[in-house]
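J.: Sharing my_file.txt (compact mmCIF, C-alpha atoms and all ligand atoms) below.
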# COMPACT_ATOMS: atom_id res chain seq x y z
CA MET A 11 -1.36 -16.70 -16.22
CA LYS A 12 -2.45 -13.17 -15.36
CA ASP A 13 0.17 -10.45 -15.20
CA ILE A 14 1.05 -9.17 -11.78
CA VAL A 15 1.29 -5.51 -10.80
CA ILE A 16 3.67 -4.58 -7.97
CA HIS A 17 2.77 -1.39 -6.11
CA GLU A 18 5.86 -0.56 -4.04
CA CYS A 19 4.91 1.17 -0.77
CA GLY A 20 8.27 1.19 1.03
CA LEU A 21 8.74 4.95 0.81
CA ARG A 22 5.36 5.59 2.39
CA ASP A 23 4.25 2.64 4.51
CA GLY A 24 7.81 1.49 5.15
CA LEU A 25 9.24 4.84 6.18
CA GLN A 26 6.32 6.37 8.05
CA ALA A 27 7.11 4.32 11.15
CA GLU A 28 10.77 5.38 11.16
CA ALA A 29 11.55 8.12 13.67
CA ARG A 30 14.75 9.15 11.87
CA THR A 31 13.83 11.29 8.87
CA VAL A 32 15.38 10.08 5.62
CA PRO A 33 16.90 12.96 3.57
CA THR A 34 15.04 13.81 0.35
CA GLU A 35 18.16 13.06 -1.74
CA THR A 36 18.37 9.57 -0.23
CA LYS A 37 14.69 8.97 -0.98
CA LEU A 38 15.26 10.08 -4.58
CA GLY A 39 18.09 7.55 -4.85
CA TRP A 40 15.80 4.78 -3.57
CA ILE A 41 13.07 5.85 -6.01
CA GLY A 42 15.66 5.63 -8.81
CA ALA A 43 16.53 2.08 -7.72
CA LEU A 44 12.84 1.13 -7.73
CA GLU A 45 12.40 2.63 -11.19
CA SER A 46 15.35 0.67 -12.55
CA SER A 47 13.94 -2.52 -11.00
CA GLY A 48 10.89 -2.15 -13.25
CA VAL A 49 8.18 -2.24 -10.57
CA ASP A 50 4.92 -0.86 -11.92
CA ILE A 51 3.79 1.66 -9.28
CA ILE A 52 5.92 3.49 -6.70
CA GLN A 53 4.20 5.10 -3.71
CA VAL A 54 6.26 8.19 -3.04
CA GLY A 55 4.64 9.43 0.17
CA SER A 56 1.49 10.60 1.87
CA PHE A 57 -0.11 14.03 2.11
CA VAL A 58 -0.49 13.90 5.85
CA HIS A 59 0.16 16.94 8.06
CA PRO A 60 3.98 17.31 8.30
CA GLU A 61 3.80 17.66 12.08
CA LYS A 62 1.87 14.42 12.42
CA VAL A 63 4.35 12.39 10.34
CA PRO A 64 7.58 14.42 9.84
CA GLN A 65 8.97 11.62 7.67
CA MET A 66 6.39 12.57 5.00
CA ALA A 67 7.06 16.34 5.12
CA ASP A 68 8.91 16.28 1.77
CA THR A 69 6.18 14.43 -0.18
CA ASP A 70 5.22 17.50 -2.27
CA ALA A 71 8.88 18.32 -2.98
CA LEU A 72 9.58 14.73 -4.06
CA PHE A 73 6.65 14.74 -6.50
CA ARG A 74 7.70 18.12 -7.88
CA THR A 75 11.23 16.84 -8.54
CA LEU A 76 9.91 13.67 -10.17
CA THR A 77 7.46 15.66 -12.31
CA GLU A 78 10.18 18.08 -13.46
CA ARG A 79 12.45 15.18 -14.30
CA GLY A 80 9.83 13.74 -16.67
CA ALA A 81 8.00 10.47 -16.95
CA GLY A 82 9.64 7.08 -16.88
CA LYS A 83 7.72 3.81 -17.05
CA ALA A 84 6.65 3.67 -13.40
CA VAL A 85 3.54 5.40 -12.07
CA PHE A 86 4.10 7.53 -8.95
CA SER A 87 1.30 7.23 -6.42
CA GLY A 88 0.53 9.29 -3.34
CA LEU A 89 -1.68 8.60 -0.34
CA VAL A 90 -4.31 11.24 0.28
CA LEU A 91 -6.23 11.46 3.56
CA ASN A 92 -8.60 14.34 2.86
CA GLU A 93 -9.66 17.12 0.46
CA LYS A 94 -6.59 19.20 1.29
CA GLY A 95 -4.34 16.25 0.46
CA LEU A 96 -5.97 15.99 -2.97
CA GLU A 97 -5.31 19.69 -3.64
CA ARG A 98 -1.67 19.24 -2.60
CA GLY A 99 -1.35 16.16 -4.80
CA LEU A 100 -2.92 17.91 -7.80
CA ALA A 101 -0.48 20.80 -7.40
CA CYS A 102 2.65 18.64 -7.47
CA GLY A 103 1.84 16.11 -10.19
CA VAL A 104 0.75 12.87 -8.48
CA GLY A 105 0.19 10.13 -11.08
CA MET A 106 -2.16 7.98 -9.04
CA PHE A 107 -4.20 8.96 -6.00
CA CYS A 108 -4.66 6.41 -3.22
CA LEU A 109 -7.44 7.10 -0.73
CA GLY A 110 -8.88 4.91 1.98
CA VAL A 111 -11.41 4.41 4.72
CA SER A 112 -10.76 2.29 7.79
CA ALA A 113 -13.35 -0.37 8.57
CA SER A 114 -12.39 0.08 12.23
CA GLU A 115 -14.08 3.03 13.92
CA THR A 116 -11.21 3.37 16.44
CA HIS A 117 -8.44 3.16 13.83
CA SER A 118 -10.33 5.65 11.65
CA ARG A 119 -10.60 8.19 14.49
CA LYS A 120 -6.94 7.81 15.49
CA ASN A 121 -5.72 8.04 11.90
CA THR A 122 -7.99 10.79 10.52
CA GLY A 123 -9.97 12.24 13.43
CA MET A 124 -13.17 11.07 11.72
CA GLY A 125 -15.41 8.06 12.28
CA THR A 126 -15.83 5.50 9.48
CA GLU A 127 -19.12 6.94 8.20
CA GLU A 128 -17.88 10.51 7.85
CA ALA A 129 -14.55 9.33 6.43
CA GLN A 130 -16.38 7.21 3.84
CA ARG A 131 -18.55 10.13 2.72
CA ARG A 132 -15.61 12.53 2.43
CA ILE A 133 -13.17 10.06 0.87
CA ILE A 134 -15.68 9.00 -1.79
CA ALA A 135 -16.42 12.63 -2.67
CA THR A 136 -12.67 13.37 -2.87
CA ALA A 137 -11.97 10.26 -4.95
CA LYS A 138 -14.81 11.12 -7.34
CA ARG A 139 -13.39 14.60 -7.80
CA ALA A 140 -9.97 13.11 -8.70
CA VAL A 141 -11.67 10.80 -11.23
CA GLU A 142 -13.60 13.73 -12.73
CA LEU A 143 -10.27 15.50 -13.19
CA GLY A 144 -9.09 12.50 -15.20
CA LYS A 145 -6.77 11.12 -12.51
CA ARG A 146 -5.99 7.50 -11.81
CA VAL A 147 -7.52 6.56 -8.44
CA GLN A 148 -7.36 3.61 -6.07
CA VAL A 149 -9.58 3.40 -3.00
CA SER A 150 -8.94 1.08 -0.10
CA VAL A 151 -10.51 -0.41 2.98
CA GLN A 152 -7.97 -0.24 5.80
CA SER A 153 -8.09 -2.64 8.76
CA ALA A 154 -10.13 -4.89 6.46
CA PHE A 155 -9.00 -8.13 8.11
CA GLY A 156 -8.84 -7.10 11.77
CA CYS A 157 -7.77 -4.17 13.91
CA GLY A 158 -5.13 -3.75 16.61
CA PHE A 159 -7.63 -1.77 18.72
CA GLU A 160 -10.96 -3.44 17.96
CA GLY A 161 -9.93 -7.00 17.13
CA ARG A 162 -12.32 -8.74 14.73
CA ILE A 163 -13.79 -6.57 11.99
CA PRO A 164 -17.13 -7.87 10.64
CA GLU A 165 -16.82 -8.77 6.95
CA GLU A 166 -20.20 -7.10 6.30
CA ARG A 167 -18.64 -3.78 7.34
CA VAL A 168 -15.83 -4.22 4.81
CA LEU A 169 -18.28 -5.24 2.10
CA SER A 170 -20.54 -2.26 2.79
CA ILE A 171 -17.61 0.15 2.22
CA VAL A 172 -16.70 -1.72 -0.98
CA LYS A 173 -20.34 -1.50 -2.17
CA ALA A 174 -20.34 2.26 -1.53
CA TYR A 175 -17.15 2.57 -3.62
CA LEU A 176 -18.68 0.56 -6.46
CA GLU A 177 -21.89 2.61 -6.36
CA ALA A 178 -19.73 5.72 -6.72
CA GLY A 179 -18.08 4.20 -9.81
CA LEU A 180 -14.78 3.52 -7.99
CA THR A 181 -13.70 0.07 -9.15
CA ASN A 182 -9.97 -0.02 -8.33
CA ILE A 183 -10.18 -1.31 -4.77
CA SER A 184 -7.53 -2.41 -2.28
CA LEU A 185 -8.14 -4.38 0.90
CA ALA A 186 -5.46 -3.51 3.43
CA ASP A 187 -4.51 -5.71 6.34
CA THR A 188 -3.21 -2.71 8.27
CA ALA A 189 -2.56 -4.59 11.52
CA GLY A 190 -1.51 -7.89 9.94
CA HIS A 191 -4.34 -10.05 11.32
CA ALA A 192 -5.34 -11.70 8.03
CA TYR A 193 -5.19 -15.44 7.51
CA PRO A 194 -5.39 -17.25 4.16
CA GLU A 195 -8.96 -18.64 4.41
CA GLN A 196 -10.24 -15.17 5.32
CA VAL A 197 -8.32 -13.62 2.41
CA ARG A 198 -9.82 -16.10 -0.08
CA ARG A 199 -13.32 -15.60 1.36
CA LEU A 200 -13.25 -11.79 1.42
CA PHE A 201 -11.71 -11.30 -2.02
CA GLY A 202 -14.07 -13.99 -3.35
CA ALA A 203 -16.98 -11.91 -2.02
CA LEU A 204 -15.55 -8.78 -3.68
CA PHE A 205 -15.27 -10.43 -7.09
CA GLU A 206 -18.91 -11.54 -6.74
CA LEU A 207 -20.03 -7.94 -6.23
CA SER A 208 -18.85 -6.73 -9.63
CA SER A 209 -17.19 -8.06 -12.74
CA ASP A 210 -15.53 -4.64 -13.25
CA ILE A 211 -13.69 -4.69 -9.94
CA GLN A 212 -9.87 -4.57 -9.93
CA CYS A 213 -8.56 -5.84 -6.61
CA THR A 214 -5.34 -5.00 -4.82
CA CYS A 215 -4.10 -6.53 -1.59
CA HIS A 216 -1.88 -5.07 1.12
CA PHE A 217 -0.55 -7.38 3.82
CA HIS A 218 1.56 -6.78 6.90
CA ASP A 219 3.56 -9.69 8.26
CA THR A 220 2.80 -9.19 11.97
CA TYR A 221 2.00 -12.85 12.64
CA GLY A 222 4.14 -14.44 9.92
CA LEU A 223 1.27 -15.05 7.48
CA GLY A 224 2.10 -12.28 4.99
CA MET A 225 3.38 -14.54 2.21
CA ALA A 226 0.69 -17.17 2.82
CA ASN A 227 -1.88 -14.38 2.44
CA VAL A 228 -0.26 -13.24 -0.82
CA TYR A 229 -0.77 -16.75 -2.21
CA ALA A 230 -4.37 -16.89 -0.96
CA ALA A 231 -5.06 -13.56 -2.70
CA LEU A 232 -3.44 -14.88 -5.89
CA GLU A 233 -5.71 -17.92 -5.79
CA ALA A 234 -8.72 -15.67 -5.29
CA GLY A 235 -7.78 -13.77 -8.48
CA VAL A 236 -6.01 -10.70 -7.08
CA THR A 237 -3.32 -9.39 -9.43
CA THR A 238 -2.01 -6.21 -7.74
CA PHE A 239 0.20 -6.49 -4.67
CA GLU A 240 1.31 -3.71 -2.36
CA THR A 241 4.71 -4.48 -0.86
CA ALA A 242 7.65 -2.69 0.80
CA PHE A 243 11.40 -3.06 0.26
CA GLY A 244 13.03 -5.18 2.93
CA GLY A 245 9.65 -5.67 4.63
CA LEU A 246 10.17 -2.30 6.29
CA GLY A 247 7.33 -0.65 8.15
CA GLY A 248 4.45 -0.78 10.55
CA CYS A 249 1.58 1.64 11.02
CA PRO A 250 2.17 4.49 13.52
CA PHE A 251 -1.61 4.70 14.07
CA THR A 252 -2.14 1.00 14.79
CA LYS A 253 -1.19 -0.93 17.86
CA VAL A 254 1.39 -3.67 17.04
CA ALA A 255 1.97 -4.00 13.32
CA ALA A 256 4.99 -5.38 11.50
CA GLY A 257 6.13 -4.25 8.05
CA ASN A 258 4.55 -5.03 4.71
CA VAL A 259 5.39 -8.21 2.86
CA PRO A 260 8.90 -7.61 1.43
CA THR A 261 8.89 -6.63 -2.24
CA GLU A 262 11.96 -8.67 -3.14
CA ASP A 263 10.58 -11.79 -1.39
CA VAL A 264 7.25 -11.52 -3.23
CA VAL A 265 8.96 -10.94 -6.59
CA HIS A 266 11.45 -13.79 -5.99
CA SER A 267 8.60 -16.14 -5.20
CA LEU A 268 6.36 -15.03 -8.10
CA LYS A 269 9.21 -15.36 -10.57
CA ARG A 270 9.31 -19.08 -9.75
CA ARG A 271 5.70 -19.23 -11.05
CA GLY A 272 6.70 -17.46 -14.25
CA GLN A 273 5.32 -14.09 -13.15
CA CYS A 274 7.03 -10.70 -12.59
CA GLN A 275 9.44 -11.55 -15.41
CA GLY A 276 9.97 -7.89 -16.27
CA ILE A 277 11.24 -7.05 -12.79
CA ASP A 278 14.97 -6.97 -11.98
CA LEU A 279 15.23 -8.86 -8.69
CA GLY A 280 18.92 -7.91 -8.33
CA ALA A 281 18.00 -4.21 -8.24
CA LEU A 282 15.43 -4.86 -5.49
CA ILE A 283 17.91 -6.88 -3.43
CA GLY A 284 20.50 -4.12 -3.80
CA LEU A 285 17.95 -1.58 -2.60
CA ALA A 286 16.95 -3.65 0.45
CA ARG A 287 20.67 -3.91 1.35
CA ASP A 288 21.09 -0.14 0.98
CA VAL A 289 18.06 0.57 3.15
CA SER A 290 19.26 -1.90 5.77
CA GLY A 291 22.68 -0.17 5.71
CA HIS A 292 21.06 3.25 6.01
CA PHE A 293 19.19 2.29 9.18
CA GLY A 294 22.05 0.17 10.48
CA ARG A 295 19.88 -2.84 11.24
CA GLU A 296 18.63 -6.03 9.70
CA LEU A 297 15.24 -5.78 7.96
CA PRO A 298 12.59 -8.53 8.01
CA GLY A 299 13.05 -9.47 4.31
CA ARG A 300 14.57 -12.91 3.68
CA VAL A 301 15.84 -12.98 0.11
CA TYR A 302 18.12 -9.95 0.42
CA LYS A 303 19.94 -11.81 3.21
CA THR A 304 19.91 -15.40 1.89
CA GLY A 305 20.36 -14.45 -1.78
CA PRO A 306 17.97 -15.65 -4.51
CA LEU A 307 17.71 -19.14 -5.95
CA SER A 308 19.60 -19.15 -9.21
CA TYR A 309 17.56 -21.75 -11.15
ZN ZN B 401 0.11 -0.69 5.52
Represent the structure of the file as structure tokens.
T.:
Amino acid sequence: MKDIVIHECGLRDGLQAEARTVPTETKLGWIGALESSGVDIIQVGSFVHPEKVPQMADTDALFRTLTERGAGKAVFSGLVLNEKGLERGLACGVGMFCLGVSASETHSRKNTGMGTEEAQRRIIATAKRAVELGKRVQVSVQSAFGCGFEGRIPEERVLSIVKAYLEAGLTNISLADTAGHAYPEQVRRLFGALFELSSDIQCTCHFHDTYGLGMANVYAALEAGVTTFETAFGGLGGCPFTKVAAGNVPTEDVVHSLKRRGQCQGIDLGALIGLARDVSGHFGRELPGRVYKTGPLSY
């Protein structure tokens, strides 16, 4: 069975919808918990304008602290929205650059102020520059399975962005269900189409649980051959630039469930459950995750 990679996005996707800014020290504590859990990639934040998303204002400072502290096993990723974001990320020691284009024209304009075509041109150029500098890069198609503003997103539009990535030599590709509209048959079909485009492609999936199909979509992606999963502790989150979106699939629920299949054996589920409890305590409310509340199966 193929090994699974967990890309933990709680600090970025989970927190960006929270109005109350989490102190940098608290974030560092949560990063430490994620590191000790053994997850592979930790998304630390996004290089968005601090006024647009105040929660992400300390992204550069977090990376600088992590870089000074020295490398552990986990890779620290950062979301970059434009050329300036790449420069900021290069200056503070980002380990993996995540860049994306929305397949929804409306979502793209609200999120970046650019239409899909312009965003695609600029993001590809920025991603190529990061690759030329020897950096690890992942590119994504956001709103790949539907959009809160536009509804259905034609699969051809998603595939045409993926083809442009592949033509630019960018093979690490994530399909993000930003609004949480995906359903399992669609997930199998779309990832199946991606794997047919190139044998070099490495696929990542990113699901939000808006309509309760997050975990079903994870399994559909697994069946299609996807091995990297973007998740968030406690299922925290929602996109501030998308109408109606719930949090990501909860990291601890995905890991709990994959462990039953013999996968994610190197990940300490107890550490993830402890973190989800801490985050829930910090915000003073219950989070959508299940396993941190019910407790894991012990056999
Ligand atoms: Zn998301």
J.: Enumerate residues in contact with ligand ZN 401 (chain B): an atom-to-atom distance of at most 12 Å, counting all atoms listed in the file. Format the result as a PyMOL selection string.
T.: chain A and resi 17-27+53+56+89+110+112+150-154+184-191+215-220+224+239-242+245-252+254-260
J.: From the list A:Arg162, A:Lys145, A:Arg270, A:Arg74, which residue is nearest Cys102 in chain A when using only C-alpha atoms?
T.: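 Answer, going by the shortest atom-to-atom distance: A:Arg74.
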J.: Give me, as a tab-separated table, each residue of range 19-131 of chain A that comes within 9 Å of range 146-149 of chain A, together with its shortest interatomic pair and the distance in Å at one decimal, counting all atoms listed in the file, with rows ordered by chain and rising residue number.
T.:
residue	atom	partner	partner_atom	distance
A:Gly105	CA	A:Arg146	CA	6.8
A:Met106	CA	A:Arg146	CA	4.8
A:Phe107	CA	A:Val147	CA	4.8
A:Cys108	CA	A:Gln148	CA	4.8
A:Leu109	CA	A:Val149	CA	4.8
A:Gly110	CA	A:Val149	CA	5.3
A:Val111	CA	A:Val149	CA	8.0
J.: Using all atoms listed in the file, find the one residue out of A:His117, A:Lys173, A:Lys138, A:Lys303 that sits nearest to Ser290 in chain A.
T.: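 Smallest separation from Ser290 in chain A among the options: A:Lys303.
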J.: Name the closest residue to Ile52 in chain A among the candidates A:Ile183, A:Thr261, A:Ala135, A:Ala140; distances are taken between atoms, counting all atoms listed in the file.
T.: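 The answer is A:Thr261, which sits nearest to Ile52 in chain A.
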J.: Range 17-26 of chain A, all listed atoms, 8 Å padding on each side: what axis-aligned box centre and edge lengths in Å to one decimal come out, as JSON?
T.:
{"center_x": 6.0, "center_y": 2.5, "center_z": 1.0, "size_x": 22.5, "size_y": 23.8, "size_z": 30.2}
J.: Nearest residue to Leu91 in chain A out of A:Leu232, A:Val172, A:Ala113, A:Ile134, using all atoms listed in the file?
T.: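 Ranked by minimum distance to Leu91 in chain A, first place goes to A:Ile134.
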J.: Name the residues in contact with range 274-288 of chain A at a cut-off of 7 Å, using all atoms listed in the file, excluding same-chain residues fewer than 6 positions from it; report them as a PyMOL selection string.
T.: chain A and resi 14+40+43-44+47-49+243-244+262+265-266+268+302
J.: For Glu35 in chain A, find every residue with an atom within 12 Å (counting only C-alpha atoms), except residues of its own chain fewer than 4 positions away, and show them as a ChimeraX atom specification.
T.: /A:31,39-42,68,71-72,75-76
J.: Grab the residues selected above and save them as a short mmCIF file (atom, residue, chain, number, x, y, z; two decimals), in the coordinates of the input with C-alpha atoms.
T.:
data_model
loop_
_atom_site.label_atom_id
_atom_site.label_comp_id
_atom_site.auth_asym_id
_atom_site.auth_seq_id
_atom_site.Cartn_x
_atom_site.Cartn_y
_atom_site.Cartn_z
CA THR A 31 13.83 11.29 8.87
CA GLY A 39 18.09 7.55 -4.85
CA TRP A 40 15.80 4.78 -3.57
CA ILE A 41 13.07 5.85 -6.01
CA GLY A 42 15.66 5.63 -8.81
CA ASP A 68 8.91 16.28 1.77
CA ALA A 71 8.88 18.32 -2.98
CA LEU A 72 9.58 14.73 -4.06
CA THR A 75 11.23 16.84 -8.54
CA LEU A 76 9.91 13.67 -10.17
#
J.: So, with only C-alpha atoms as the atoms that count, which of A:Met124, A:Ala231, A:Ala29, A:Leu200 lies closest to Pro164 in chain A?
T.: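 Under the stated criterion, the closest residue is A:Leu200.
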J.: I'd like to know which of A:Val54, A:Leu169, A:Val301, A:Leu204 is closest to Lys37 in chain A, using all atoms listed in the file.
T.: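 Residue with the minimum atom-to-atom distance to Lys37 in chain A: A:Val54.
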J.: Distance cut-off 10 Å, centre (15.9, -20.8, -13.5) in file coordinates, counting all atoms listed in the file: which residues qualify? Return them as a list in words.
T.: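 All residues meeting the 10 Å criterion around (15.9, -20.8, -13.5) are Lys269, Arg270, Gly272, Leu307, Ser308 and Tyr309 of chain A.
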J.: For CA of Ala226 in chain A and CA of Leu207 in chain A, determine how far apart the two atoms are, in Å to one decimal place.
T.: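 It comes out at 24.4 Å.
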J.: Just give me the gap between CA of Pro194 in chain A and CA of Ala230 in chain A in Å, one decimal is fine.
T.: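 Computing the Euclidean distance for CA of Pro194 in chain A and CA of Ala230 in chain A yields 5.2 Å.
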J.: Distance CA of Ile211 in chain A-CA of Thr181 in chain A, one decimal place?
T.: 4.8 Å
J.: Name all residues at most 9 Å from Asn227 in chain A (count only C-alpha atoms; drop same-chain ones fewer than 6 positions away) and give them as a PyMOL selection string.
T.: chain A and resi 192-198+217
J.: Can you take the partial range 171-193 of chain A, add N, CA, C and O atoms, and return it as a compact mmCIF listing (two decimals), in the coordinates of the input?
T.:
# COMPACT_ATOMS: atom_id res chain seq x y z
N ILE A 171 -18.47 -0.93 2.73
CA ILE A 171 -17.61 0.15 2.22
C ILE A 171 -17.30 -0.10 0.73
O ILE A 171 -17.37 0.80 -0.10
N VAL A 172 -17.01 -1.38 0.42
CA VAL A 172 -16.70 -1.72 -0.98
C VAL A 172 -17.92 -1.43 -1.87
O VAL A 172 -17.78 -0.87 -2.97
N LYS A 173 -19.12 -1.77 -1.38
CA LYS A 173 -20.34 -1.50 -2.17
C LYS A 173 -20.51 0.00 -2.40
O LYS A 173 -20.89 0.43 -3.50
N ALA A 174 -20.22 0.79 -1.38
CA ALA A 174 -20.34 2.26 -1.53
C ALA A 174 -19.34 2.76 -2.58
O ALA A 174 -19.67 3.64 -3.39
N TYR A 175 -18.13 2.20 -2.60
CA TYR A 175 -17.15 2.57 -3.62
C TYR A 175 -17.70 2.23 -5.01
O TYR A 175 -17.64 3.05 -5.93
N LEU A 176 -18.21 1.00 -5.14
CA LEU A 176 -18.68 0.56 -6.46
C LEU A 176 -19.85 1.41 -6.92
O LEU A 176 -19.93 1.78 -8.11
N GLU A 177 -20.75 1.75 -5.99
CA GLU A 177 -21.89 2.61 -6.36
C GLU A 177 -21.43 3.99 -6.83
O GLU A 177 -22.08 4.63 -7.65
N ALA A 178 -20.27 4.42 -6.31
CA ALA A 178 -19.73 5.72 -6.72
C ALA A 178 -18.88 5.60 -8.00
O ALA A 178 -18.26 6.57 -8.43
N GLY A 179 -18.84 4.40 -8.57
CA GLY A 179 -18.08 4.20 -9.81
C GLY A 179 -16.59 3.99 -9.57
O GLY A 179 -15.80 4.06 -10.51
N LEU A 180 -16.20 3.72 -8.32
CA LEU A 180 -14.78 3.52 -7.99
C LEU A 180 -14.52 2.01 -7.97
O LEU A 180 -14.97 1.31 -7.07
N THR A 181 -13.82 1.52 -8.98
CA THR A 181 -13.70 0.07 -9.15
C THR A 181 -12.30 -0.48 -8.84
O THR A 181 -12.11 -1.68 -8.81
N ASN A 182 -11.33 0.42 -8.65
CA ASN A 182 -9.97 -0.02 -8.33
C ASN A 182 -9.85 -0.03 -6.80
O ASN A 182 -9.69 1.01 -6.18
N ILE A 183 -9.98 -1.22 -6.22
CA ILE A 183 -10.18 -1.31 -4.77
C ILE A 183 -9.13 -2.20 -4.10
O ILE A 183 -8.87 -3.32 -4.54
N SER A 184 -8.54 -1.67 -3.03
CA SER A 184 -7.53 -2.41 -2.28
C SER A 184 -8.09 -2.78 -0.90
O SER A 184 -8.74 -1.96 -0.26
N LEU A 185 -7.83 -4.00 -0.48
CA LEU A 185 -8.14 -4.38 0.90
C LEU A 185 -6.81 -4.41 1.65
O LEU A 185 -5.90 -5.16 1.27
N ALA A 186 -6.72 -3.60 2.70
CA ALA A 186 -5.46 -3.51 3.43
C ALA A 186 -5.56 -4.19 4.79
O ALA A 186 -6.48 -3.92 5.57
N ASP A 187 -4.60 -5.06 5.04
CA ASP A 187 -4.51 -5.71 6.34
C ASP A 187 -3.56 -4.88 7.20
O ASP A 187 -2.43 -5.29 7.49
N THR A 188 -4.03 -3.72 7.60
CA THR A 188 -3.21 -2.71 8.27
C THR A 188 -2.47 -3.26 9.50
O THR A 188 -1.31 -2.93 9.73
N ALA A 189 -3.16 -4.09 10.28
CA ALA A 189 -2.56 -4.59 11.52
C ALA A 189 -1.87 -5.95 11.32
O ALA A 189 -1.13 -6.39 12.19
N GLY A 190 -2.13 -6.59 10.19
CA GLY A 190 -1.51 -7.89 9.94
C GLY A 190 -2.23 -9.06 10.60
O GLY A 190 -1.60 -10.05 10.99
N HIS A 191 -3.56 -8.97 10.70
CA HIS A 191 -4.34 -10.05 11.32
C HIS A 191 -4.85 -11.09 10.33
O HIS A 191 -5.43 -12.09 10.72
N ALA A 192 -4.70 -10.83 9.04
CA ALA A 192 -5.34 -11.70 8.03
C ALA A 192 -4.79 -13.11 8.07
O ALA A 192 -3.64 -13.34 8.44
N TYR A 193 -5.64 -14.06 7.70
CA TYR A 193 -5.19 -15.44 7.51
C TYR A 193 -5.75 -15.92 6.17
O TYR A 193 -6.74 -15.36 5.67
